[in-house]
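Chemist: The following block contains the structure, expressed as C-alpha cells.
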Amino acid sequence: MSSINKILLIGTISSPVDQRIGSDGQESLSFQLSVPRSFQSIGQDESDVFKVVIFGQSVERSKDACVEGRQLLVEGRISTRSYDDENGKRHWVTEIQAFRVREQDSASAPAINASSFAATPAPSNLNESSAAAAPSFQFDNESENTEILEEEVPF
Amino acid sequence: MSLNYTILIGRLVRDPEHRLTSTGVPITRFTIAVDKIKRPGEEKQADFIRVTAWRRLAEICNQFLKKGKLVAVEGRLQVDHYESNGEQRESVEVIADNMQMLDRGENFPENANPGLDAGSAAPEAVSQSQFSV
C-alpha cells in the first residue's frame, strides 16, 4: 500500500533540548515545539505544543539548530506509539519524528555570517566587523544570484 | 510566524463517527492507519492517526468513508487537553481541510454499472472524489 506521512511545522522550541544515547547506541534529540494557531476559538489553547524527536543521522546535522527558544522549521512525520503504565493502562503518544530542521530566527542570521568570517585573524573586533559587513555582503550575494538566474533560465 | 501543515495517506481502521455539536455543527472523526516504512526482516507497522473533519467536509466524510477505505487527508495537527477521571490527558489529531478518496468502493457511481445505478445518490462532487472545506 502506498502511504504518505508528512508534516511541516514552524514554531519555537519551548523546552530544553534533550540529547541522549539509547540502549541501542542510537543518538536522539527531543524537545517540545510550540506552534501558534493561526486562528483561535474561545477557551482553546493559543498554540499547539508538539513533542519532536530526531533520530540517527539527522541528529548530527540538526543539533546546532536545536536550541531552546529558537524558531525552527521542522519537517518530518507524525509517529504514534503506545506504552502500558504501572497500572496496566495503555497510553498513546503522538510525536513528530523530524528528518530535517532549519533555523527560522532572523536574529540568528548575523551568527551565521560571523562563523563564515571566523577565519579572519581579528578576534578582538570580530563581532563588530561581521555585524557591519553582513548587510553589504548579503546584498552583493543576492544581486549576483539574480544575474546568474536570468541568464541561465532555460525556458 | 508559524506553519502547521500535514498530508497523510492511509486506510480507515473503522467506520467514521459522526455527530452534531451542541450548537448543531457537524463533526466526523475517524482513524487512519498510515504504513511505516518497512525495513527488511521487520513486520509491517503503521501509525494510527486520528482525523477530525468539520461542517460540510464532516458530512461528506460520513457519507462516503468506510472502514478500509484509502484516503488522502490534508490539514493541520492539533493538541487538545482534557481531564478524564481526574487525570490530565492529551489528544493529538489532524484537523482536516481537504480529503480525497483514493480507492473506489463498490458504492461509487463511476465503478457501478451505469444502467443499474442511475438512481443512486451521486452528486457531481463524487466524480471528482475530492472535497475541501
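FYI, nothing fancy with the C-alpha cells labels: chains A, B, ... in order, residues from 1 per chain, ligands from 1 as they appear.
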Please return, as a PDB file with N, CA and C atoms, in the first residue's frame, all residues of chain B lying within 12 Å of chain A when only C-alpha atoms are considered.
Modeler:
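Below is the file that was written, out.pdb:
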```pdb
ATOM      1  N   MET B   1       5.591  34.208  13.172  1.00  0.00           N
ATOM      2  CA  MET B   1       5.405  33.334  12.010  1.00  0.00           C
ATOM      3  C   MET B   1       5.191  31.905  12.484  1.00  0.00           C
ATOM      4  N   SER B   2       4.234  31.256  11.901  1.00  0.00           N
ATOM      5  CA  SER B   2       4.055  29.844  12.230  1.00  0.00           C
ATOM      6  C   SER B   2       3.493  29.104  11.027  1.00  0.00           C
ATOM      7  N   LEU B   3       3.690  27.794  11.027  1.00  0.00           N
ATOM      8  CA  LEU B   3       3.188  26.950   9.943  1.00  0.00           C
ATOM      9  C   LEU B   3       2.821  25.609  10.547  1.00  0.00           C
ATOM     10  N   ASN B   4       1.713  25.072  10.106  1.00  0.00           N
ATOM     11  CA  ASN B   4       1.286  23.776  10.611  1.00  0.00           C
ATOM     12  C   ASN B   4       0.536  23.080   9.489  1.00  0.00           C
ATOM     13  N   TYR B   5       1.234  22.256   8.727  1.00  0.00           N
ATOM     14  CA  TYR B   5       0.630  21.607   7.563  1.00  0.00           C
ATOM     15  C   TYR B   5       1.007  20.137   7.544  1.00  0.00           C
ATOM     16  N   THR B   6       0.034  19.300   7.320  1.00  0.00           N
ATOM     17  CA  THR B   6       0.336  17.882   7.231  1.00  0.00           C
ATOM     18  C   THR B   6      -0.449  17.234   6.099  1.00  0.00           C
ATOM     19  N   ILE B   7       0.157  16.246   5.466  1.00  0.00           N
ATOM     20  CA  ILE B   7      -0.547  15.458   4.448  1.00  0.00           C
ATOM     21  C   ILE B   7      -0.295  13.979   4.718  1.00  0.00           C
ATOM     22  N   LEU B   8      -1.377  13.215   4.693  1.00  0.00           N
ATOM     23  CA  LEU B   8      -1.311  11.805   5.063  1.00  0.00           C
ATOM     24  C   LEU B   8      -2.087  10.973   4.064  1.00  0.00           C
ATOM     25  N   ILE B   9      -1.589   9.786   3.801  1.00  0.00           N
ATOM     26  CA  ILE B   9      -2.377   8.805   3.062  1.00  0.00           C
ATOM     27  C   ILE B   9      -2.434   7.546   3.904  1.00  0.00           C
ATOM     28  N   GLY B  10      -3.652   7.077   4.137  1.00  0.00           N
ATOM     29  CA  GLY B  10      -3.804   5.867   4.940  1.00  0.00           C
ATOM     30  C   GLY B  10      -5.199   5.295   4.807  1.00  0.00           C
ATOM     31  N   ARG B  11      -5.400   4.168   5.490  1.00  0.00           N
ATOM     32  CA  ARG B  11      -6.699   3.490   5.427  1.00  0.00           C
ATOM     33  C   ARG B  11      -7.462   3.654   6.730  1.00  0.00           C
ATOM     34  N   THR B  31     -10.099   7.296  12.288  1.00  0.00           N
ATOM     35  CA  THR B  31      -8.685   6.999  12.491  1.00  0.00           C
ATOM     36  C   THR B  31      -8.145   6.328  11.237  1.00  0.00           C
ATOM     37  N   ILE B  32      -6.986   6.792  10.778  1.00  0.00           N
ATOM     38  CA  ILE B  32      -6.379   6.137   9.622  1.00  0.00           C
ATOM     39  C   ILE B  32      -5.062   5.469  10.033  1.00  0.00           C
ATOM     40  N   ALA B  33      -4.804   4.341   9.405  1.00  0.00           N
ATOM     41  CA  ALA B  33      -3.531   3.636   9.601  1.00  0.00           C
ATOM     42  C   ALA B  33      -2.611   4.031   8.461  1.00  0.00           C
ATOM     43  N   VAL B  34      -1.502   4.650   8.812  1.00  0.00           N
ATOM     44  CA  VAL B  34      -0.531   5.081   7.811  1.00  0.00           C
ATOM     45  C   VAL B  34       0.693   4.174   7.942  1.00  0.00           C
ATOM     46  N   ASP B  35       0.974   3.428   6.888  1.00  0.00           N
ATOM     47  CA  ASP B  35       2.085   2.465   6.948  1.00  0.00           C
ATOM     48  C   ASP B  35       3.408   3.153   7.237  1.00  0.00           C
ATOM     49  N   LYS B  36       4.188   2.530   8.108  1.00  0.00           N
ATOM     50  CA  LYS B  36       5.561   2.992   8.305  1.00  0.00           C
ATOM     51  C   LYS B  36       6.424   2.389   7.208  1.00  0.00           C
ATOM     52  N   ILE B  37       7.582   2.982   7.008  1.00  0.00           N
ATOM     53  CA  ILE B  37       8.496   2.399   6.029  1.00  0.00           C
ATOM     54  C   ILE B  37       8.965   1.058   6.577  1.00  0.00           C
ATOM     55  N   LYS B  38       8.814   0.029   5.774  1.00  0.00           N
ATOM     56  CA  LYS B  38       9.136  -1.327   6.219  1.00  0.00           C
ATOM     57  C   LYS B  38      10.604  -1.617   5.951  1.00  0.00           C
ATOM     58  N   LYS B  44       5.256  -5.495   9.051  1.00  0.00           N
ATOM     59  CA  LYS B  44       4.590  -4.263   8.618  1.00  0.00           C
ATOM     60  C   LYS B  44       3.980  -3.565   9.828  1.00  0.00           C
ATOM     61  N   GLN B  45       4.262  -2.259   9.933  1.00  0.00           N
ATOM     62  CA  GLN B  45       3.727  -1.497  11.057  1.00  0.00           C
ATOM     63  C   GLN B  45       3.066  -0.236  10.540  1.00  0.00           C
ATOM     64  N   ALA B  46       2.215   0.334  11.377  1.00  0.00           N
ATOM     65  CA  ALA B  46       1.513   1.544  10.949  1.00  0.00           C
ATOM     66  C   ALA B  46       1.416   2.535  12.101  1.00  0.00           C
ATOM     67  N   ASP B  47       1.319   3.822  11.737  1.00  0.00           N
ATOM     68  CA  ASP B  47       0.952   4.847  12.706  1.00  0.00           C
ATOM     69  C   ASP B  47      -0.558   5.034  12.624  1.00  0.00           C
ATOM     70  N   PHE B  48      -1.201   5.125  13.784  1.00  0.00           N
ATOM     71  CA  PHE B  48      -2.656   5.327  13.807  1.00  0.00           C
ATOM     72  C   PHE B  48      -2.933   6.779  14.141  1.00  0.00           C
ATOM     73  N   ILE B  49      -3.484   7.479  13.177  1.00  0.00           N
ATOM     74  CA  ILE B  49      -3.644   8.918  13.329  1.00  0.00           C
ATOM     75  C   ILE B  49      -5.117   9.289  13.273  1.00  0.00           C
ATOM     76  N   ARG B  50      -5.538  10.040  14.301  1.00  0.00           N
ATOM     77  CA  ARG B  50      -6.945  10.436  14.378  1.00  0.00           C
ATOM     78  C   ARG B  50      -7.180  11.690  13.554  1.00  0.00           C
ATOM     79  N   GLY B  68     -11.565   0.619   5.990  1.00  0.00           N
ATOM     80  CA  GLY B  68     -10.766   0.033   4.918  1.00  0.00           C
ATOM     81  C   GLY B  68     -10.502   0.952   3.747  1.00  0.00           C
ATOM     82  N   LYS B  69     -11.205   2.081   3.677  1.00  0.00           N
ATOM     83  CA  LYS B  69     -11.010   2.986   2.538  1.00  0.00           C
ATOM     84  C   LYS B  69      -9.662   3.680   2.606  1.00  0.00           C
ATOM     85  N   LEU B  70      -9.065   3.861   1.431  1.00  0.00           N
ATOM     86  CA  LEU B  70      -7.794   4.571   1.325  1.00  0.00           C
ATOM     87  C   LEU B  70      -8.083   6.043   1.050  1.00  0.00           C
ATOM     88  N   VAL B  71      -7.570   6.914   1.930  1.00  0.00           N
ATOM     89  CA  VAL B  71      -7.840   8.350   1.758  1.00  0.00           C
ATOM     90  C   VAL B  71      -6.554   9.154   1.899  1.00  0.00           C
ATOM     91  N   ALA B  72      -6.559  10.301   1.233  1.00  0.00           N
ATOM     92  CA  ALA B  72      -5.522  11.308   1.457  1.00  0.00           C
ATOM     93  C   ALA B  72      -6.166  12.433   2.266  1.00  0.00           C
ATOM     94  N   VAL B  73      -5.491  12.875   3.296  1.00  0.00           N
ATOM     95  CA  VAL B  73      -6.018  13.926   4.157  1.00  0.00           C
ATOM     96  C   VAL B  73      -4.974  15.024   4.270  1.00  0.00           C
ATOM     97  N   GLU B  74      -5.427  16.251   4.054  1.00  0.00           N
ATOM     98  CA  GLU B  74      -4.574  17.419   4.257  1.00  0.00           C
ATOM     99  C   GLU B  74      -5.130  18.200   5.425  1.00  0.00           C
ATOM    100  N   GLY B  75      -4.285  18.765   6.237  1.00  0.00           N
ATOM    101  CA  GLY B  75      -4.807  19.550   7.346  1.00  0.00           C
ATOM    102  C   GLY B  75      -3.705  20.009   8.256  1.00  0.00           C
ATOM    103  N   ARG B  76      -4.096  20.250   9.524  1.00  0.00           N
ATOM    104  CA  ARG B  76      -3.103  20.691  10.494  1.00  0.00           C
ATOM    105  C   ARG B  76      -3.189  19.792  11.720  1.00  0.00           C
ATOM    106  N   LEU B  77      -2.096  19.681  12.426  1.00  0.00           N
ATOM    107  CA  LEU B  77      -2.065  18.840  13.622  1.00  0.00           C
ATOM    108  C   LEU B  77      -2.397  19.703  14.833  1.00  0.00           C
ATOM    109  N   GLN B  78      -3.237  19.174  15.693  1.00  0.00           N
ATOM    110  CA  GLN B  78      -3.705  19.956  16.841  1.00  0.00           C
ATOM    111  C   GLN B  78      -3.613  19.116  18.116  1.00  0.00           C
ATOM    112  N   VAL B  79      -3.247  19.781  19.197  1.00  0.00           N
ATOM    113  CA  VAL B  79      -3.186  19.113  20.502  1.00  0.00           C
ATOM    114  C   VAL B  79      -4.277  19.688  21.388  1.00  0.00           C
ATOM    115  N   ASP B  80      -5.075  18.839  22.002  1.00  0.00           N
ATOM    116  CA  ASP B  80      -6.080  19.304  22.948  1.00  0.00           C
ATOM    117  C   ASP B  80      -5.866  18.642  24.292  1.00  0.00           C
ATOM    118  N   HIS B  81      -6.168  19.389  25.340  1.00  0.00           N
ATOM    119  CA  HIS B  81      -6.016  18.866  26.696  1.00  0.00           C
ATOM    120  C   HIS B  81      -7.384  18.706  27.326  1.00  0.00           C
ATOM    121  N   TYR B  82      -7.567  17.606  28.017  1.00  0.00           N
ATOM    122  CA  TYR B  82      -8.837  17.376  28.697  1.00  0.00           C
ATOM    123  C   TYR B  82      -8.580  16.542  29.943  1.00  0.00           C
ATOM    124  N   ARG B  89      -5.227  14.558  30.406  1.00  0.00           N
ATOM    125  CA  ARG B  89      -4.937  13.805  29.185  1.00  0.00           C
ATOM    126  C   ARG B  89      -4.691  14.752  28.027  1.00  0.00           C
ATOM    127  N   GLU B  90      -4.051  14.199  27.020  1.00  0.00           N
ATOM    128  CA  GLU B  90      -3.721  14.980  25.840  1.00  0.00           C
ATOM    129  C   GLU B  90      -4.229  14.212  24.627  1.00  0.00           C
ATOM    130  N   SER B  91      -4.843  14.906  23.710  1.00  0.00           N
ATOM    131  CA  SER B  91      -5.246  14.212  22.491  1.00  0.00           C
ATOM    132  C   SER B  91      -4.673  14.954  21.285  1.00  0.00           C
ATOM    133  N   VAL B  92      -4.070  14.212  20.388  1.00  0.00           N
ATOM    134  CA  VAL B  92      -3.445  14.812  19.208  1.00  0.00           C
ATOM    135  C   VAL B  92      -4.206  14.327  17.982  1.00  0.00           C
ATOM    136  N   GLU B  93      -4.674  15.246  17.169  1.00  0.00           N
ATOM    137  CA  GLU B  93      -5.446  14.846  15.994  1.00  0.00           C
ATOM    138  C   GLU B  93      -5.195  15.806  14.846  1.00  0.00           C
ATOM    139  N   VAL B  94      -5.493  15.319  13.657  1.00  0.00           N
ATOM    140  CA  VAL B  94      -5.374  16.156  12.469  1.00  0.00           C
ATOM    141  C   VAL B  94      -6.736  16.777  12.198  1.00  0.00           C
ATOM    142  N   LEU B 102      -9.001   7.641  -2.476  1.00  0.00           N
ATOM    143  CA  LEU B 102      -8.020   7.121  -3.424  1.00  0.00           C
ATOM    144  C   LEU B 102      -8.375   5.742  -3.970  1.00  0.00           C
ATOM    145  N   ASP B 103      -9.318   5.074  -3.363  1.00  0.00           N
ATOM    146  CA  ASP B 103      -9.784   3.836  -3.979  1.00  0.00           C
ATOM    147  C   ASP B 103     -11.288   3.923  -4.165  1.00  0.00           C
TER     148      ASP B 103
END
```
Chemist: Tell me, in Å to one decimal, how far CA of Glu83 in chain B is from CA of Val51 in chain B.
Modeler: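 Answer for the CA of Glu83 in chain B to CA of Val51 in chain B separation: 20.3 Å.
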Chemist: What is the distance between CA of Ser84 in chain B and CA of Phe39 in chain A, in Å to one decimal?
Modeler: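 Pair CA of Ser84 in chain B / CA of Phe39 in chain A returns 26.4 Å.
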Chemist: Have a look at CA of Phe31 in chain A and CA of Asp85 in chain A and let me know their distance in Å, one decimal.
Modeler: 22.0 Å
Chemist: Fewer than 2 positions away in the same chain doesn't count, so skip those; otherwise give me all residues within 10 Å of Val53 in chain A, counting only C-alpha atoms, as a list in words.
Modeler: Val17, Asp18, Gln19, Ser28, Leu29, Ser30, Phe31, Gln32, Phe50, Lys51, Phe55, Val59, Gly76, Ser79, Glu95, Ile96, Gln97, Ala98 and Phe99 of chain A
Chemist: Please dump the current selection as a PDB file, in the first residue's frame; keep N, CA and C atoms.
Modeler:
```
ATOM      1  N   VAL A  17      16.537  21.152  25.171  1.00  0.00           N
ATOM      2  CA  VAL A  17      16.734  20.081  24.193  1.00  0.00           C
ATOM      3  C   VAL A  17      17.443  18.918  24.880  1.00  0.00           C
ATOM      4  N   ASP A  18      16.816  17.760  24.806  1.00  0.00           N
ATOM      5  CA  ASP A  18      17.343  16.583  25.488  1.00  0.00           C
ATOM      6  C   ASP A  18      18.101  15.716  24.484  1.00  0.00           C
ATOM      7  N   GLN A  19      19.400  15.632  24.691  1.00  0.00           N
ATOM      8  CA  GLN A  19      20.209  14.800  23.794  1.00  0.00           C
ATOM      9  C   GLN A  19      20.627  13.553  24.546  1.00  0.00           C
ATOM     10  N   SER A  28      19.767  10.472  19.955  1.00  0.00           N
ATOM     11  CA  SER A  28      18.485  11.124  19.683  1.00  0.00           C
ATOM     12  C   SER A  28      18.442  12.499  20.332  1.00  0.00           C
ATOM     13  N   LEU A  29      17.638  13.365  19.731  1.00  0.00           N
ATOM     14  CA  LEU A  29      17.364  14.690  20.291  1.00  0.00           C
ATOM     15  C   LEU A  29      15.865  14.756  20.501  1.00  0.00           C
ATOM     16  N   SER A  30      15.416  15.353  21.599  1.00  0.00           N
ATOM     17  CA  SER A  30      13.981  15.562  21.744  1.00  0.00           C
ATOM     18  C   SER A  30      13.731  16.895  22.423  1.00  0.00           C
ATOM     19  N   PHE A  31      12.643  17.522  22.021  1.00  0.00           N
ATOM     20  CA  PHE A  31      12.253  18.819  22.594  1.00  0.00           C
ATOM     21  C   PHE A  31      10.791  19.058  22.285  1.00  0.00           C
ATOM     22  N   GLN A  32      10.260  20.105  22.893  1.00  0.00           N
ATOM     23  CA  GLN A  32       8.886  20.495  22.601  1.00  0.00           C
ATOM     24  C   GLN A  32       8.899  21.668  21.641  1.00  0.00           C
ATOM     25  N   PHE A  50       4.001  20.363  20.479  1.00  0.00           N
ATOM     26  CA  PHE A  50       4.263  19.010  19.992  1.00  0.00           C
ATOM     27  C   PHE A  50       5.576  18.485  20.558  1.00  0.00           C
ATOM     28  N   LYS A  51       5.610  17.185  20.744  1.00  0.00           N
ATOM     29  CA  LYS A  51       6.879  16.524  21.075  1.00  0.00           C
ATOM     30  C   LYS A  51       7.592  16.246  19.757  1.00  0.00           C
ATOM     31  N   PHE A  55      16.166  11.220  15.294  1.00  0.00           N
ATOM     32  CA  PHE A  55      16.978  10.021  15.479  1.00  0.00           C
ATOM     33  C   PHE A  55      18.098   9.948  14.457  1.00  0.00           C
ATOM     34  N   VAL A  59      20.496  13.606  13.620  1.00  0.00           N
ATOM     35  CA  VAL A  59      20.911  14.261  14.859  1.00  0.00           C
ATOM     36  C   VAL A  59      22.117  15.159  14.612  1.00  0.00           C
ATOM     37  N   GLY A  76       9.000  16.454   8.984  1.00  0.00           N
ATOM     38  CA  GLY A  76       9.064  15.082   9.465  1.00  0.00           C
ATOM     39  C   GLY A  76       7.781  14.328   9.232  1.00  0.00           C
ATOM     40  N   SER A  79       4.255  10.344  14.209  1.00  0.00           N
ATOM     41  CA  SER A  79       4.519   8.995  14.681  1.00  0.00           C
ATOM     42  C   SER A  79       3.673   8.722  15.922  1.00  0.00           C
ATOM     43  N   GLU A  95       3.951  11.886  18.420  1.00  0.00           N
ATOM     44  CA  GLU A  95       5.076  12.803  18.366  1.00  0.00           C
ATOM     45  C   GLU A  95       5.528  12.999  16.925  1.00  0.00           C
ATOM     46  N   ILE A  96       6.304  14.044  16.732  1.00  0.00           N
ATOM     47  CA  ILE A  96       6.822  14.339  15.404  1.00  0.00           C
ATOM     48  C   ILE A  96       8.218  13.750  15.313  1.00  0.00           C
ATOM     49  N   GLN A  97       8.408  12.879  14.353  1.00  0.00           N
ATOM     50  CA  GLN A  97       9.746  12.360  14.107  1.00  0.00           C
ATOM     51  C   GLN A  97      10.338  13.198  12.988  1.00  0.00           C
ATOM     52  N   ALA A  98      11.282  14.061  13.347  1.00  0.00           N
ATOM     53  CA  ALA A  98      11.787  15.037  12.377  1.00  0.00           C
ATOM     54  C   ALA A  98      12.964  14.481  11.605  1.00  0.00           C
ATOM     55  N   PHE A  99      12.993  14.776  10.308  1.00  0.00           N
ATOM     56  CA  PHE A  99      14.126  14.396   9.460  1.00  0.00           C
ATOM     57  C   PHE A  99      15.044  15.580   9.227  1.00  0.00           C
TER      58      PHE A  99
END
```
